[in-house]
$ cat work-v3.cif   # mmCIF, C-alpha atoms
data_model
#
loop_
_atom_site.label_atom_id
_atom_site.label_comp_id
_atom_site.auth_asym_id
_atom_site.auth_seq_id
_atom_site.Cartn_x
_atom_site.Cartn_y
_atom_site.Cartn_z
CA MET A 81 47.60 -10.42 -18.26
CA LEU A 82 48.16 -6.90 -16.97
CA VAL A 83 45.03 -5.38 -15.44
CA GLU A 84 45.17 -1.61 -15.13
CA ASN A 85 41.83 -1.05 -13.37
CA ARG A 86 42.28 -1.27 -9.58
CA VAL A 87 38.69 -2.41 -9.04
CA ASP A 88 39.29 -5.34 -11.40
CA GLN A 89 42.57 -6.13 -9.62
CA ILE A 90 40.76 -6.23 -6.26
CA ASP A 91 38.08 -8.51 -7.72
CA LEU A 92 40.74 -10.89 -9.04
CA ALA A 93 42.59 -10.89 -5.71
CA ASP A 94 39.35 -11.49 -3.77
CA GLU A 95 38.62 -14.45 -6.04
CA PHE A 96 42.02 -15.90 -5.04
CA VAL A 97 41.17 -15.42 -1.35
CA GLN A 98 37.88 -17.29 -1.91
CA ARG A 99 39.77 -20.10 -3.64
CA LEU A 100 42.13 -20.26 -0.66
CA ASP A 101 39.15 -20.68 1.67
CA ARG A 102 37.98 -23.65 -0.40
CA LEU A 103 41.42 -25.24 -0.76
CA HIS A 104 43.03 -24.56 2.60
CA SER A 105 41.56 -25.71 5.87
CA ALA A 106 42.76 -23.20 8.47
CA PRO A 107 43.29 -24.54 12.00
CA LYS A 108 39.91 -24.87 13.70
CA VAL A 109 40.92 -23.16 16.96
CA ALA A 110 42.44 -20.24 15.05
CA GLN A 111 39.20 -19.76 13.12
CA GLN A 112 37.25 -19.82 16.38
CA VAL A 113 39.60 -17.27 17.98
CA LEU A 114 39.06 -14.93 15.02
CA GLN A 115 35.28 -15.32 15.33
CA ILE A 116 35.32 -14.70 19.08
CA THR A 117 37.56 -11.63 18.87
CA ARG A 118 35.30 -10.15 16.17
CA ASP A 119 32.20 -10.60 18.33
CA PRO A 120 31.66 -7.60 20.65
CA ARG A 121 29.39 -9.77 22.84
CA SER A 122 32.14 -12.30 23.58
CA ASN A 123 34.09 -12.24 26.83
CA ILE A 124 37.52 -13.26 28.08
CA ASP A 125 36.29 -16.65 29.30
CA ASP A 126 35.04 -17.55 25.80
CA LEU A 127 38.49 -16.79 24.41
CA VAL A 128 40.34 -18.64 27.17
CA ARG A 129 38.26 -21.80 26.72
CA CYS A 130 38.93 -21.73 22.98
CA ILE A 131 42.71 -21.23 23.28
CA GLU A 132 43.01 -23.98 25.87
CA HIS A 133 41.91 -26.46 23.19
CA ASP A 134 45.16 -25.77 21.30
CA PRO A 135 48.11 -26.47 23.66
CA GLY A 136 50.64 -25.31 21.07
CA LEU A 137 48.97 -21.91 20.63
CA ALA A 138 48.49 -21.58 24.39
CA ALA A 139 52.18 -22.28 25.02
CA LYS A 140 53.28 -19.69 22.48
CA ILE A 141 50.97 -17.03 23.92
CA LEU A 142 52.46 -17.66 27.37
CA GLN A 143 55.95 -17.50 25.87
CA VAL A 144 55.18 -14.16 24.25
CA VAL A 145 53.59 -12.53 27.30
CA ASN A 146 56.59 -13.56 29.43
CA SER A 147 59.15 -12.38 26.90
CA ALA A 148 61.36 -9.32 27.30
CA ARG A 149 59.03 -7.43 24.95
CA TYR A 150 56.41 -7.09 27.72
CA GLY A 151 58.68 -7.02 30.76
CA VAL A 152 56.15 -8.45 33.21
CA SER A 153 57.38 -8.30 36.80
CA ARG A 154 56.12 -11.78 37.70
CA LYS A 155 55.86 -14.75 35.35
CA ILE A 156 52.38 -15.28 33.92
CA THR A 157 51.40 -18.95 34.00
CA SER A 158 47.68 -18.99 33.20
CA ILE A 159 46.05 -18.41 29.81
CA LYS A 160 43.32 -16.32 31.45
CA HIS A 161 45.90 -13.97 32.96
CA ALA A 162 47.76 -13.80 29.62
CA VAL A 163 44.59 -13.05 27.65
CA SER A 164 43.52 -10.41 30.18
CA TYR A 165 46.97 -8.80 30.07
CA LEU A 166 47.35 -8.81 26.27
CA GLY A 167 43.76 -8.04 25.24
CA LYS A 168 41.60 -9.35 22.42
CA GLU A 169 43.33 -7.48 19.60
CA THR A 170 46.83 -8.70 20.47
CA ILE A 171 45.54 -12.26 20.94
CA ARG A 172 43.97 -12.12 17.49
CA MET A 173 47.24 -10.91 15.94
CA LEU A 174 49.25 -13.60 17.72
CA THR A 175 46.80 -16.27 16.58
CA ILE A 176 47.08 -15.14 12.97
CA SER A 177 50.88 -15.10 13.21
CA PHE A 178 51.25 -18.43 14.98
CA SER A 179 48.42 -20.50 13.53
CA MET A 180 47.17 -19.05 10.26
CA VAL A 181 50.50 -17.95 8.76
CA GLU A 182 52.39 -21.00 10.01
CA SER A 183 49.73 -23.23 8.51
CA LEU A 184 49.90 -21.44 5.16
CA SER A 185 53.69 -21.43 5.01
CA LYS A 186 54.02 -25.15 5.70
CA GLY A 187 52.21 -25.91 2.47
CA SER A 188 54.68 -23.87 0.41
CA LYS A 189 57.60 -25.21 -1.60
CA GLY A 190 61.06 -25.23 0.00
CA ARG A 191 62.55 -21.98 -1.23
CA ILE A 192 59.31 -20.04 -0.84
CA PHE A 193 58.98 -21.28 2.75
CA VAL A 194 62.53 -20.28 3.71
CA ASP A 195 62.42 -16.95 1.84
CA TYR A 196 59.05 -16.07 3.36
CA TRP A 197 60.20 -16.54 6.94
CA GLN A 198 63.56 -14.88 6.37
CA ASN A 199 61.86 -11.83 4.88
CA ALA A 200 58.97 -11.84 7.37
CA LEU A 201 61.20 -12.01 10.43
CA THR A 202 63.51 -9.34 9.03
CA ILE A 203 60.68 -6.92 8.21
CA ALA A 204 59.05 -7.61 11.58
CA SER A 205 62.28 -7.04 13.52
CA ILE A 206 63.22 -3.86 11.62
CA SER A 207 59.69 -2.43 11.91
CA SER A 208 59.51 -3.20 15.61
CA HIS A 209 62.87 -1.51 16.25
CA LEU A 210 61.77 1.55 14.27
CA ALA A 211 58.77 1.95 16.59
CA SER A 212 61.25 3.32 19.13
CA HIS A 213 62.09 6.11 16.69
CA HIS A 214 58.62 7.31 15.73
CA LYS A 215 55.81 8.30 18.08
CA CYS A 216 53.08 7.03 15.73
CA LEU A 217 54.39 3.45 15.65
CA LYS A 218 53.52 0.73 18.15
CA LYS A 219 56.00 -2.13 18.57
CA ASP A 220 53.45 -4.96 18.62
CA GLU A 221 51.54 -3.63 15.65
CA ALA A 222 54.72 -3.01 13.67
CA TYR A 223 56.05 -6.49 14.39
CA THR A 224 52.80 -8.17 13.39
CA ALA A 225 52.52 -6.09 10.23
CA GLY A 226 56.06 -7.15 9.32
CA LEU A 227 55.21 -10.83 9.74
CA LEU A 228 52.19 -10.37 7.48
CA ALA A 229 53.72 -8.09 4.83
CA ASP A 230 54.37 -10.84 2.27
CA VAL A 231 51.53 -13.20 3.20
CA GLY A 232 50.18 -12.84 -0.35
CA ILE A 233 53.13 -14.95 -1.53
CA LEU A 234 51.84 -17.82 0.61
CA VAL A 235 48.37 -17.44 -0.89
CA PHE A 236 49.76 -17.60 -4.43
CA SER A 237 51.79 -20.65 -3.43
CA GLN A 238 48.75 -22.41 -1.97
CA VAL A 239 46.24 -21.60 -4.70
CA ASP A 240 48.38 -21.92 -7.86
CA ARG A 241 51.51 -23.66 -6.62
CA ASP A 242 53.10 -24.90 -9.86
CA GLU A 243 52.58 -21.74 -11.93
CA TYR A 244 53.58 -19.48 -9.07
CA SER A 245 56.74 -21.46 -8.36
CA LEU A 246 57.88 -20.81 -11.94
CA ILE A 247 57.28 -17.07 -11.55
CA TYR A 248 58.91 -16.96 -8.12
CA GLU A 249 62.01 -18.85 -9.26
CA SER A 250 62.54 -16.58 -12.25
CA HIS A 251 62.02 -13.17 -10.58
CA PRO A 252 64.09 -11.75 -7.69
CA HIS A 253 62.01 -10.64 -4.71
CA GLY A 254 61.04 -6.99 -4.95
CA GLU A 255 60.04 -4.97 -7.99
CA ALA A 256 60.88 -7.77 -10.44
CA LEU A 257 58.62 -10.26 -8.62
CA ILE A 258 55.83 -7.68 -8.33
CA ASN A 259 56.01 -7.08 -12.10
CA GLY A 260 56.05 -10.81 -12.86
CA GLU A 261 52.97 -11.40 -10.69
CA GLN A 262 51.10 -8.50 -12.25
CA GLN A 263 51.86 -9.68 -15.77
CA PHE A 264 50.71 -13.26 -15.11
CA PHE A 265 47.87 -12.85 -12.59
CA GLY A 266 46.82 -9.22 -13.10
CA PHE A 267 47.70 -8.28 -9.51
CA ASP A 268 50.60 -8.77 -7.09
CA HIS A 269 51.24 -10.41 -3.71
CA ALA A 270 51.05 -7.09 -1.86
CA LEU A 271 47.45 -6.51 -2.99
CA LEU A 272 46.58 -10.19 -2.50
CA GLY A 273 47.96 -10.13 1.05
CA SER A 274 46.01 -6.99 1.88
CA ARG A 275 42.78 -8.59 0.63
CA LEU A 276 43.38 -11.66 2.80
CA LEU A 277 44.03 -9.45 5.84
CA ASN A 278 40.88 -7.49 5.06
CA HIS A 279 39.04 -10.83 4.93
CA TRP A 280 40.49 -11.66 8.37
CA ASP A 281 39.29 -8.26 9.67
CA ILE A 282 42.78 -6.94 10.44
CA PRO A 283 42.97 -3.20 11.32
CA GLN A 284 42.86 -1.03 8.20
CA GLU A 285 46.20 0.67 8.91
CA ILE A 286 47.98 -2.69 8.66
CA VAL A 287 45.98 -3.68 5.55
CA THR A 288 46.96 -0.43 3.80
CA ALA A 289 50.62 -0.67 4.83
CA VAL A 290 50.85 -4.27 3.54
CA GLU A 291 49.21 -3.35 0.23
CA ASN A 292 51.74 -0.57 -0.38
CA HIS A 293 54.94 -1.89 1.22
CA HIS A 294 56.69 -2.39 -2.13
CA GLY A 295 55.80 1.12 -3.30
CA THR A 296 57.66 4.36 -2.76
CA GLY A 297 54.68 6.61 -1.98
CA GLN A 298 54.53 5.76 1.70
CA HIS A 299 55.44 9.07 3.30
CA ALA A 300 52.00 9.72 4.78
CA CYS A 301 52.00 6.42 6.68
CA PRO A 302 54.73 5.68 9.26
CA LEU A 303 53.79 1.99 9.41
CA GLY A 304 54.00 1.73 5.64
CA ILE A 305 57.41 3.40 5.66
CA ALA A 306 58.61 0.99 8.36
CA LEU A 307 57.46 -2.00 6.29
CA ARG A 308 59.02 -0.55 3.16
CA THR A 309 62.32 -0.07 4.99
CA GLY A 310 62.21 -3.59 6.41
CA SER A 311 61.42 -5.02 2.99
CA LEU A 312 64.40 -3.24 1.43
CA LEU A 313 66.69 -4.47 4.21
CA ALA A 314 65.34 -8.02 3.92
CA GLY A 315 66.94 -8.19 0.49
CA SER A 316 70.17 -6.45 1.41
CA LEU A 317 70.93 -6.95 5.10
CA TRP A 318 74.31 -8.51 4.47
CA ASN A 319 75.19 -6.33 1.45
CA CYS A 320 75.55 -2.73 2.52
CA SER A 321 76.56 -1.58 -0.97
CA SER A 322 73.37 -2.79 -2.69
CA ASP A 323 70.87 -0.32 -4.15
CA GLU A 324 68.20 -1.61 -1.77
CA TYR A 325 70.39 -1.02 1.27
CA LEU A 326 71.23 2.51 0.14
CA GLU A 327 67.54 3.29 -0.37
CA ALA A 328 66.73 1.91 3.10
CA GLU A 329 69.58 3.90 4.63
CA GLU A 330 68.25 7.09 3.06
CA ILE A 331 64.79 6.48 4.58
CA LEU A 332 66.28 5.67 8.00
CA ILE A 333 68.28 8.90 8.00
CA SER A 334 65.66 11.25 6.51
CA PHE A 335 62.43 9.90 8.02
CA PHE A 336 63.52 8.20 11.26
CA ASP A 337 66.41 10.58 11.96
CA LEU A 338 68.91 7.78 12.60
CA SER A 339 72.65 8.25 12.30
CA VAL A 340 74.81 5.80 10.35
CA GLU A 341 76.09 4.44 13.67
CA GLN A 342 72.54 3.95 14.98
CA ILE A 343 71.61 2.13 11.78
CA GLU A 344 74.54 -0.24 12.14
CA THR A 345 73.66 -0.92 15.79
CA MET A 346 70.01 -1.55 14.92
CA ILE A 347 70.92 -3.99 12.13
CA GLU A 348 73.19 -6.01 14.40
CA ALA A 349 70.42 -6.19 17.01
CA CYS A 350 67.93 -7.25 14.34
CA LYS A 351 70.21 -10.06 13.12
CA GLN A 352 70.15 -11.48 16.63
CA ASP A 353 66.38 -11.01 16.85
CA ILE A 354 65.87 -12.84 13.55
CA ALA A 355 67.85 -15.86 14.73
CA GLU A 356 65.94 -15.99 18.03
CA SER A 357 62.57 -15.50 16.33
CA ALA A 358 63.30 -18.28 13.83
CA ASP A 359 63.83 -20.63 16.74
CA PHE A 360 60.66 -19.32 18.41
CA PHE A 361 58.57 -19.98 15.28
CA GLY A 362 60.30 -23.32 14.72
CA VAL A 363 61.64 -22.52 11.25
CA ASN A 364 65.05 -23.35 9.81
CA LEU A 365 66.26 -20.40 7.75
CA GLU A 366 69.04 -22.46 6.23
CA GLY A 367 66.50 -24.28 4.08
#
$ encode --input "work-v3.cif" --output "structure tokens"
Amino acid sequence: MLVENRVDQIDLADEFVQRLDRLHSAPKVAQQVLQITRDPRSNIDDLVRCIEHDPGLAAKILQVVNSARYGVSRKITSIKHAVSYLGKETIRMLTISFSMVESLSKGSKGRIFVDYWQNALTIASISSHLASHHKCLKKDEAYTAGLLADVGILVFSQVDRDEYSLIYESHPHGEALINGEQQFFGFDHALLGSRLLNHWDIPQEIVTAVENHHGTGQHACPLGIALRTGSLLAGSLWNCSSDEYLEAEEILISFFDLSVEQIETMIEACKQDIAESADFFGVNLEG
């Protein structure tokens, strides 16, 4: 069914998010972290005590804060120091990336799982690199938005696994998949992902960028353009003659003012980032 009315599409997508809540039990600590970071009355100690109940999440937060991305002068070894350094908003984003998204992806069928992480890590890496070329982009925010760009696919896979697998297997990622989803469900994974992120109280700029990252009308939103570029490159990174690559190259030159040489350098750096990030998230991109 193809639903033209956007209000009706949002209602349908919200219904899917509600079904996800009933079907999928999100990690308890992650849910508590989201509640604490939403509460203006909460303090750092509340957050620290919560995170310390999940050794895996705690270890990854320490790994992130001590990574080259933050360049701390002395290694941070305590969760309290890490939480104080990163702040509530970054902790919430890391928790969603590490706990919520990982939990959702592990319930997805083989190809969807591998494709999701390959695309997510590519979009995240590209978007993060592009933050160095636009004053309105922040690296952390761009990376997180990239990880979350296609989260709607995971929701489809969790809520209606068998039907969605048929659609996913028969439509290449991109415009064809968007059209297939709209025809069958009445809305697509970009809108569904944005509704989930809205439900999780993610900043509106990320929600809007995720909703529109498969569209072409992104030129008022640098984050949306970064996600769009990353999404195009996710499907064409190793095929520089593809239509998607050429579209991405045009955006990189016209909007981000990159030269062809800079683009090639960035892509090589991103390939290395993707491999390292896959190991960090514990996913095998070979399937």
$ atom_distance --input "work-v3.cif" --atom1 "atom CA of A:Ser237" --atom2 "atom CA of A:Val109"
23.2 Å
$ residues_around --input "work-v3.cif" --residues "A:Cys320" --least-positions-apart "6" --cutoff "12 Å" --atoms "only C-alpha atoms" --output "PyMOL selection string"
chain A and resi 312-314+326-329+340+343-344+347
$ residues_around --input "work-v3.cif" --residues "A:Phe361" --least-positions-apart "4" --cutoff "9 Å" --atoms "all atoms listed in the file" --output "ChimeraX atom specification"
/A:140,178,182,356-357
$ residues_near_point --input "work-v3.cif" --point "(61.3, -14.5, 6.6)" --cutoff "10 Å" --atoms "only C-alpha atoms" --output "JSON list (two decimals) with C-alpha atoms, in the coordinates of the input"
[["chain", "number", "residue", "atom", "x", "y", "z"],
["A", 192, "ILE", "CA", 59.31, -20.04, -0.84],
["A", 193, "PHE", "CA", 58.98, -21.28, 2.75],
["A", 194, "VAL", "CA", 62.53, -20.28, 3.71],
["A", 195, "ASP", "CA", 62.42, -16.95, 1.84],
["A", 196, "TYR", "CA", 59.05, -16.07, 3.36],
["A", 197, "TRP", "CA", 60.20, -16.54, 6.94],
["A", 198, "GLN", "CA", 63.56, -14.88, 6.37],
["A", 199, "ASN", "CA", 61.86, -11.83, 4.88],
["A", 200, "ALA", "CA", 58.97, -11.84, 7.37],
["A", 201, "LEU", "CA", 61.20, -12.01, 10.43],
["A", 202, "THR", "CA", 63.51, -9.34, 9.03],
["A", 203, "ILE", "CA", 60.68, -6.92, 8.21],
["A", 204, "ALA", "CA", 59.05, -7.61, 11.58],
["A", 226, "GLY", "CA", 56.06, -7.15, 9.32],
["A", 227, "LEU", "CA", 55.21, -10.83, 9.74],
["A", 230, "ASP", "CA", 54.37, -10.84, 2.27],
["A", 314, "ALA", "CA", 65.34, -8.02, 3.92],
["A", 354, "ILE", "CA", 65.87, -12.84, 13.55],
["A", 357, "SER", "CA", 62.57, -15.50, 16.33],
["A", 358, "ALA", "CA", 63.30, -18.28, 13.83],
["A", 363, "VAL", "CA", 61.64, -22.52, 11.25],
["A", 365, "LEU", "CA", 66.26, -20.40, 7.75]]
$ atom_distance --input "work-v3.cif" --atom1 "atom CA of A:Gln342" --atom2 "atom CA of A:Thr288"
28.3 Å
